[in-house]
file protein13.cif (mmCIF, C-alpha atoms, pLDDT in the B column; chains and numbers go by the auth columns)
data_target
loop_
_atom_site.group_PDB
_atom_site.id
_atom_site.type_symbol
_atom_site.label_atom_id
_atom_site.label_comp_id
_atom_site.label_asym_id
_atom_site.label_seq_id
_atom_site.Cartn_x
_atom_site.Cartn_y
_atom_site.Cartn_z
_atom_site.B_iso_or_equiv
_atom_site.auth_seq_id
_atom_site.auth_asym_id
ATOM 1 C CA PRO A 1 6.003 -15.688 18.384 58.00 1 A
ATOM 2 C CA ALA A 2 7.512 -12.788 16.482 66.00 2 A
ATOM 3 C CA GLY A 3 8.744 -13.715 13.030 66.00 3 A
ATOM 4 C CA SER A 4 6.311 -16.587 12.648 70.00 4 A
ATOM 5 C CA ARG A 5 4.994 -17.692 9.266 87.00 5 A
ATOM 6 C CA ILE A 6 1.627 -15.934 9.459 93.00 6 A
ATOM 7 C CA VAL A 7 2.063 -13.405 6.643 95.00 7 A
ATOM 8 C CA GLN A 8 1.708 -13.508 2.879 94.00 8 A
ATOM 9 C CA ALA A 9 2.152 -10.968 0.075 95.00 9 A
ATOM 10 C CA GLU A 10 1.421 -12.332 -3.383 96.00 10 A
ATOM 11 C CA TRP A 11 -0.069 -11.234 -6.696 96.00 11 A
ATOM 12 C CA LEU A 12 -2.867 -13.653 -7.594 95.00 12 A
ATOM 13 C CA ASP A 13 -4.672 -13.962 -10.926 92.00 13 A
ATOM 14 C CA GLY A 14 -8.396 -13.260 -10.851 91.00 14 A
ATOM 15 C CA LEU A 15 -8.248 -11.277 -7.605 93.00 15 A
ATOM 16 C CA GLY A 16 -7.975 -7.723 -8.970 93.00 16 A
ATOM 17 C CA LEU A 17 -10.317 -5.223 -10.553 91.00 17 A
ATOM 18 C CA PRO A 18 -12.040 -6.301 -13.760 83.00 18 A
ATOM 19 C CA ASP A 19 -10.380 -5.160 -16.972 72.00 19 A
ATOM 20 C CA ASP A 20 -12.203 -3.607 -19.919 65.00 20 A
ATOM 21 C CA GLY A 21 -13.295 -7.042 -21.127 64.00 21 A
ATOM 22 C CA GLY A 22 -14.939 -7.880 -17.798 67.00 22 A
ATOM 23 C CA SER A 23 -12.488 -10.480 -16.490 71.00 23 A
ATOM 24 C CA ALA A 24 -10.581 -9.892 -13.260 74.00 24 A
ATOM 25 C CA ARG A 25 -6.908 -9.053 -13.378 88.00 25 A
ATOM 26 C CA SER A 26 -4.235 -9.845 -10.836 93.00 26 A
ATOM 27 C CA GLY A 27 -4.589 -8.415 -7.342 95.00 27 A
ATOM 28 C CA LEU A 28 -2.082 -8.142 -4.512 97.00 28 A
ATOM 29 C CA LEU A 29 -3.166 -10.196 -1.503 97.00 29 A
ATOM 30 C CA LEU A 30 -1.672 -8.988 1.783 97.00 30 A
ATOM 31 C CA SER A 31 -2.439 -11.144 4.793 97.00 31 A
ATOM 32 C CA LYS A 32 -1.437 -11.390 8.453 95.00 32 A
ATOM 33 C CA ASN A 33 -3.157 -14.351 10.086 94.00 33 A
ATOM 34 C CA GLY A 34 -2.427 -13.536 13.704 92.00 34 A
ATOM 35 C CA PRO A 35 -2.221 -10.684 16.196 91.00 35 A
ATOM 36 C CA THR A 36 -0.816 -7.267 15.341 92.00 36 A
ATOM 37 C CA ALA A 37 1.682 -7.592 18.229 90.00 37 A
ATOM 38 C CA ASP A 38 3.481 -10.347 16.285 90.00 38 A
ATOM 39 C CA CYS A 39 6.094 -8.265 14.475 87.00 39 A
ATOM 40 C CA SER A 40 5.723 -10.166 11.191 92.00 40 A
ATOM 41 C CA ALA A 41 4.733 -8.178 8.109 94.00 41 A
ATOM 42 C CA ALA A 42 3.619 -8.948 4.562 95.00 42 A
ATOM 43 C CA VAL A 43 5.734 -6.743 2.270 96.00 43 A
ATOM 44 C CA ALA A 44 5.808 -6.048 -1.468 96.00 44 A
ATOM 45 C CA ARG A 45 8.752 -4.032 -2.811 97.00 45 A
ATOM 46 C CA ILE A 46 8.177 -1.635 -5.686 97.00 46 A
ATOM 47 C CA ARG A 47 11.204 -1.531 -7.966 95.00 47 A
ATOM 48 C CA GLY A 48 12.365 1.128 -10.427 94.00 48 A
ATOM 49 C CA ILE A 49 11.857 4.151 -8.176 95.00 49 A
ATOM 50 C CA ALA A 50 15.389 4.606 -6.767 96.00 50 A
ATOM 51 C CA GLY A 51 16.634 8.157 -7.253 96.00 51 A
ATOM 52 C CA GLU A 52 13.236 9.451 -8.382 97.00 52 A
ATOM 53 C CA THR A 53 10.744 11.694 -6.649 97.00 53 A
ATOM 54 C CA ILE A 54 7.134 10.758 -5.996 96.00 54 A
ATOM 55 C CA ASP A 55 4.500 13.063 -7.448 95.00 55 A
ATOM 56 C CA GLU A 56 1.531 10.736 -7.002 95.00 56 A
ATOM 57 C CA LEU A 57 0.991 7.686 -4.799 97.00 57 A
ATOM 58 C CA GLY A 58 -2.018 5.485 -4.096 97.00 58 A
ATOM 59 C CA PHE A 59 -3.839 2.206 -4.697 98.00 59 A
ATOM 60 C CA ASP A 60 -7.267 0.655 -5.105 97.00 60 A
ATOM 61 C CA TYR A 61 -8.485 -1.756 -2.433 97.00 61 A
ATOM 62 C CA ARG A 62 -11.322 -4.251 -2.406 96.00 62 A
ATOM 63 C CA ASN A 63 -14.159 -3.130 -0.146 96.00 63 A
ATOM 64 C CA GLY A 64 -14.194 -5.270 2.999 95.00 64 A
ATOM 65 C CA SER A 65 -10.393 -5.260 3.091 96.00 65 A
ATOM 66 C CA HIS A 66 -8.630 -3.830 6.100 96.00 66 A
ATOM 67 C CA CYS A 67 -7.885 -0.108 5.622 96.00 67 A
ATOM 68 C CA GLY A 68 -6.351 1.234 8.824 94.00 68 A
ATOM 69 C CA GLY A 69 -4.034 4.033 9.853 91.00 69 A
ATOM 70 C CA GLY A 70 -1.016 1.766 9.606 92.00 70 A
ATOM 71 C CA ALA A 71 -1.901 -0.917 7.085 96.00 71 A
ATOM 72 C CA PRO A 72 -1.846 -1.385 4.284 98.00 72 A
ATOM 73 C CA ARG A 73 0.665 1.421 3.978 97.00 73 A
ATOM 74 C CA PHE A 74 3.434 2.702 1.795 98.00 74 A
ATOM 75 C CA GLY A 75 6.860 2.689 3.388 97.00 75 A
ATOM 76 C CA VAL A 76 9.247 5.154 1.751 97.00 76 A
ATOM 77 C CA VAL A 77 12.992 5.335 2.380 98.00 77 A
ATOM 78 C CA SER A 78 14.534 8.607 1.185 97.00 78 A
ATOM 79 C CA ARG A 79 17.985 8.867 -0.419 97.00 79 A
ATOM 80 C CA GLU A 80 19.159 10.299 2.930 96.00 80 A
ATOM 81 C CA GLY A 81 17.964 7.151 4.728 97.00 81 A
ATOM 82 C CA PHE A 82 14.881 8.592 6.439 98.00 82 A
ATOM 83 C CA TYR A 83 11.792 6.369 6.635 97.00 83 A
ATOM 84 C CA TYR A 84 8.294 7.746 6.024 97.00 84 A
ATOM 85 C CA PHE A 85 4.973 5.956 5.945 96.00 85 A
ATOM 86 C CA VAL A 86 1.441 6.703 4.876 97.00 86 A
ATOM 87 C CA GLY A 87 -1.436 4.406 5.869 96.00 87 A
ATOM 88 C CA CYS A 88 -4.573 3.554 3.944 97.00 88 A
ATOM 89 C CA ALA A 89 -6.911 5.505 6.234 95.00 89 A
ATOM 90 C CA SER A 90 -4.856 8.679 5.595 95.00 90 A
ATOM 91 C CA GLY A 91 -5.766 8.643 1.915 94.00 91 A
ATOM 92 C CA ASN A 92 -8.470 10.468 0.044 94.00 92 A
ATOM 93 C CA PRO A 93 -11.042 7.735 -0.771 96.00 93 A
ATOM 94 C CA GLU A 94 -13.384 7.598 -3.745 97.00 94 A
ATOM 95 C CA PRO A 95 -15.091 4.765 -5.655 97.00 95 A
ATOM 96 C CA ALA A 96 -12.659 2.947 -7.967 96.00 96 A
ATOM 97 C CA PRO A 97 -13.701 2.436 -11.582 91.00 97 A
ATOM 98 C CA PRO A 98 -14.762 0.223 -13.239 89.00 98 A
ATOM 99 C CA ASP A 99 -16.252 -1.545 -10.178 91.00 99 A
ATOM 100 C CA GLU A 100 -17.207 1.409 -8.009 93.00 100 A
ATOM 101 C CA GLY A 101 -19.495 -0.623 -5.773 94.00 101 A
ATOM 102 C CA GLN A 102 -16.806 -3.128 -4.786 95.00 102 A
ATOM 103 C CA TRP A 103 -13.525 -1.164 -4.843 96.00 103 A
ATOM 104 C CA THR A 104 -12.210 2.067 -3.306 97.00 104 A
ATOM 105 C CA ARG A 105 -9.400 4.235 -4.680 97.00 105 A
ATOM 106 C CA VAL A 106 -7.124 6.138 -2.281 97.00 106 A
ATOM 107 C CA ARG A 107 -4.501 8.754 -3.143 97.00 107 A
ATOM 108 C CA PHE A 108 -2.177 10.376 -0.638 96.00 108 A
ATOM 109 C CA GLY A 109 -1.320 14.044 -0.243 91.00 109 A
ATOM 110 C CA ALA A 110 2.058 15.291 0.987 80.00 110 A
ATOM 111 C CA GLY A 111 0.761 16.087 4.475 88.00 111 A
ATOM 112 C CA ALA A 112 -0.222 12.439 5.021 93.00 112 A
ATOM 113 C CA PHE A 113 3.378 11.126 5.066 95.00 113 A
ATOM 114 C CA VAL A 114 4.612 10.497 8.618 95.00 114 A
ATOM 115 C CA PRO A 115 8.358 10.446 9.374 96.00 115 A
ATOM 116 C CA SER A 116 9.568 7.667 11.670 94.00 116 A
ATOM 117 C CA SER A 117 12.175 9.961 13.194 94.00 117 A
ATOM 118 C CA PRO A 118 11.824 13.493 14.603 95.00 118 A
ATOM 119 C CA GLU A 119 15.074 14.392 12.805 96.00 119 A
ATOM 120 C CA ALA A 120 13.570 13.658 9.383 96.00 120 A
ATOM 121 C CA PRO A 121 12.639 16.628 7.223 96.00 121 A
ATOM 122 C CA PRO A 122 9.037 16.734 5.961 95.00 122 A
ATOM 123 C CA PHE A 123 8.289 14.479 3.001 95.00 123 A
ATOM 124 C CA GLU A 124 7.614 16.658 -0.042 95.00 124 A
ATOM 125 C CA LEU A 125 5.850 15.299 -3.107 95.00 125 A
ATOM 126 C CA GLY A 126 7.918 16.030 -6.208 95.00 126 A
ATOM 127 C CA VAL A 127 10.969 17.010 -4.120 96.00 127 A
ATOM 128 C CA THR A 128 12.053 14.214 -1.741 96.00 128 A
ATOM 129 C CA ARG A 129 14.230 11.683 -3.607 97.00 129 A
ATOM 130 C CA VAL A 130 13.354 8.072 -2.908 97.00 130 A
ATOM 131 C CA ASP A 131 15.708 5.139 -2.440 98.00 131 A
ATOM 132 C CA ARG A 132 13.164 2.370 -1.745 98.00 132 A
ATOM 133 C CA LEU A 133 9.376 2.012 -1.787 98.00 133 A
ATOM 134 C CA TYR A 134 7.310 -0.752 -0.182 97.00 134 A
ATOM 135 C CA VAL A 135 3.709 -1.750 0.447 98.00 135 A
ATOM 136 C CA VAL A 136 3.503 -3.088 4.019 97.00 136 A
ATOM 137 C CA PHE A 137 0.754 -4.960 5.843 97.00 137 A
ATOM 138 C CA ASP A 138 1.330 -5.707 9.517 95.00 138 A
ATOM 139 C CA GLU A 139 -2.016 -5.211 11.257 95.00 139 A
ATOM 140 C CA GLY A 140 -3.460 -8.577 12.227 94.00 140 A
ATOM 141 C CA THR A 141 -6.785 -10.243 12.848 94.00 141 A
ATOM 142 C CA ASP A 142 -7.234 -8.235 16.066 94.00 142 A
ATOM 143 C CA ALA A 143 -7.178 -4.883 14.195 93.00 143 A
ATOM 144 C CA THR A 144 -10.415 -3.447 12.871 91.00 144 A
ATOM 145 C CA SER A 145 -11.154 -0.631 10.435 91.00 145 A
ATOM 146 C CA ALA A 146 -14.281 1.152 9.229 87.00 146 A
ATOM 147 C CA GLY A 147 -14.765 -1.184 6.269 86.00 147 A
ATOM 148 C CA ASN A 148 -13.553 -4.260 8.155 87.00 148 A
ATOM 149 C CA PRO A 149 -15.114 -4.245 11.647 88.00 149 A
ATOM 150 C CA ALA A 150 -14.484 -7.971 12.153 88.00 150 A
ATOM 151 C CA GLY A 151 -10.702 -7.703 11.777 88.00 151 A
ATOM 152 C CA SER A 152 -9.958 -10.097 8.896 90.00 152 A
ATOM 153 C CA GLY A 153 -6.205 -9.451 8.821 94.00 153 A
ATOM 154 C CA LEU A 154 -6.087 -9.050 5.052 95.00 154 A
ATOM 155 C CA ALA A 155 -6.292 -6.558 2.218 97.00 155 A
ATOM 156 C CA ILE A 156 -6.588 -6.966 -1.545 97.00 156 A
ATOM 157 C CA LEU A 157 -4.968 -4.200 -3.615 98.00 157 A
ATOM 158 C CA ASP A 158 -4.818 -3.405 -7.313 96.00 158 A
ATOM 159 C CA ASN A 159 -3.690 -0.486 -9.474 95.00 159 A
ATOM 160 C CA ILE A 160 -0.828 0.592 -7.231 97.00 160 A
ATOM 161 C CA ASP A 161 -0.233 4.133 -8.469 97.00 161 A
ATOM 162 C CA VAL A 162 3.309 5.487 -8.518 97.00 162 A
ATOM 163 C CA ASN A 163 3.583 8.777 -10.414 96.00 163 A
ATOM 164 C CA GLY A 164 0.530 7.962 -12.519 95.00 164 A
ATOM 165 C CA VAL A 165 1.841 4.528 -13.581 94.00 165 A
ATOM 166 C CA LEU A 166 -0.483 1.762 -12.405 92.00 166 A
ATOM 167 C CA ILE A 167 1.135 -1.450 -11.206 92.00 167 A
ATOM 168 C CA GLU A 168 -1.354 -4.195 -11.986 90.00 168 A
ATOM 169 C CA ARG A 169 0.731 -7.322 -11.362 87.00 169 A
ATOM 170 C CA GLY A 170 3.912 -8.431 -9.682 83.00 170 A
#
call {"tool": "encode", "arguments": {"input": "protein13.cif", "output": "structure tokens"}}
result
Amino acid sequence: PAGSRIVQAEWLDGLGLPDDGGSARSGLLLSKNGPTADCSAAVARIRGIAGETIDELGFDYRNGSHCGGGAPRFGVVSREGFYYFVGCASGNPEPAPPDEGQWTRVRFGAGAFVPSSPEAPPFELGVTRVDRLYVVFDEGTDATSAGNPAGSGLAILDNIDVNGVLIERG
């Protein structure tokens, strides 16, 4: 049923990209162990952005993770209360250093942000003031993506990029 306990969002040691010394850092595990139709979502809130604009936004994800049009995604609430989202598959992918064979880096351009309301003005990088910013994962084990054809219902993220500052742990 909707609202069930099938989701998890947690930073875990040893799950992220390797650091310069070769050991793995923390990674953000996002999991939904059930169908997409269950309206539960794993959510991580990014603090310290209220009142600011976003010039750059993205993350690195572990290859084999789910990367769909709707999850994982950034959810952005503007100062005016409009909600925008941008999903993983809307990003510009490239190999993520230092483990380019196992991780992919995505960054999002202004045109990728989708408003949830037709009344919302376009989201403009460097202009739209933000009230809240989230990472959301709500596509379940029945959702597939190019890098995850089996539908695992999980994603592992690291280096969440907000204005060039990389968030590497919770």
call {"tool": "residues_around", "arguments": {"input": "protein13.cif", "residues": "Asp99 of chain A", "least_positions_apart": "5", "cutoff": "9 Å", "atoms": "only C-alpha atoms", "output": "number ranges by chain"}}
result
A: 17-18, 104
call {"tool": "atom_distance", "arguments": {"input": "protein13.cif", "atom1": "atom CA of Ala120 of chain A", "atom2": "atom CA of Gly87 of chain A"}}
result
18.0 Å
call {"tool": "closest_residue", "arguments": {"input": "protein13.cif", "among": "A:Ala50, A:Ala41, A:Ala112, A:Leu29", "to": "Arg132 of chain A", "atoms": "all atoms listed in the file"}}
result
A:Ala50
call {"tool": "closest_residue", "arguments": {"input": "protein13.cif", "among": "A:Thr36, A:Ser31, A:Thr53, A:Ser23", "to": "Val130 of chain A", "atoms": "only C-alpha atoms"}}
result
A:Thr53
call {"tool": "residues_around", "arguments": {"input": "protein13.cif", "residues": "segment 73-79 of chain A", "least_positions_apart": "4", "cutoff": "8 Å", "atoms": "all atoms listed in the file", "output": "PyMOL selection string"}}
result
chain A and resi 51+69+83-88+128-137
call {"tool": "closest_residue", "arguments": {"input": "protein13.cif", "among": "A:Asp60, A:Ile46, A:Ser116, A:Ala150", "to": "Gly91 of chain A", "atoms": "only C-alpha atoms"}}
result
A:Asp60
call {"tool": "closest_residue", "arguments": {"input": "protein13.cif", "among": "A:Trp11, A:Cys39, A:Asn92, A:Ser4", "to": "Gly27 of chain A", "atoms": "only C-alpha atoms"}}
result
A:Trp11
call {"tool": "resolve_selection", "arguments": {"input": "protein13.cif", "expression": "the PyMOL selection byres ((chain A and resi 107) around 8)", "output": "count of residues only"}}
result
11
call {"tool": "resolve_selection", "arguments": {"input": "protein13.cif", "expression": "the PyMOL selection byres ((chain A and resi 40) around 12)", "output": "PyMOL selection string"}}
result
chain A and resi 1-9+31-39+41-43+136-140
call {"tool": "atom_distance", "arguments": {"input": "protein13.cif", "atom1": "atom CA of Leu125 of chain A", "atom2": "atom CA of Trp103 of chain A"}}
result
25.5 Å
call {"tool": "resolve_selection", "arguments": {"input": "protein13.cif", "expression": "the PyMOL selection byres ((chain A and resi 145) around 12)", "output": "PyMOL selection string"}}
result
chain A and resi 63-72+87-89+139-144+146-155
call {"tool": "atom_distance", "arguments": {"input": "protein13.cif", "atom1": "atom CA of Pro98 of chain A", "atom2": "atom CA of Leu15 of chain A"}}
result
14.4 Å
call {"tool": "closest_residue", "arguments": {"input": "protein13.cif", "among": "A:Glu80, A:Asp19, A:Glu10, A:Asp55", "to": "Ala110 of chain A", "atoms": "all atoms listed in the file"}}
result
A:Asp55
call {"tool": "closest_residue", "arguments": {"input": "protein13.cif", "among": "A:Gly48, A:Ile54, A:Asp158, A:Leu166", "to": "Glu124 of chain A", "atoms": "only C-alpha atoms"}}
result
A:Ile54
call {"tool": "residues_around", "arguments": {"input": "protein13.cif", "residues": "Leu12 of chain A", "least_positions_apart": "5", "cutoff": "9 Å", "atoms": "only C-alpha atoms", "output": "PyMOL selection string"}}
result
chain A and resi 25-29+169-170
call {"tool": "axis_aligned_box", "arguments": {"input": "protein13.cif", "around": "segment 124-133 of chain A", "padding_each_side": "6 Å", "output": "JSON"}}
result
{"center_x": 10.8, "center_y": 9.5, "center_z": -3.1, "size_x": 21.9, "size_y": 27.0, "size_z": 18.2}
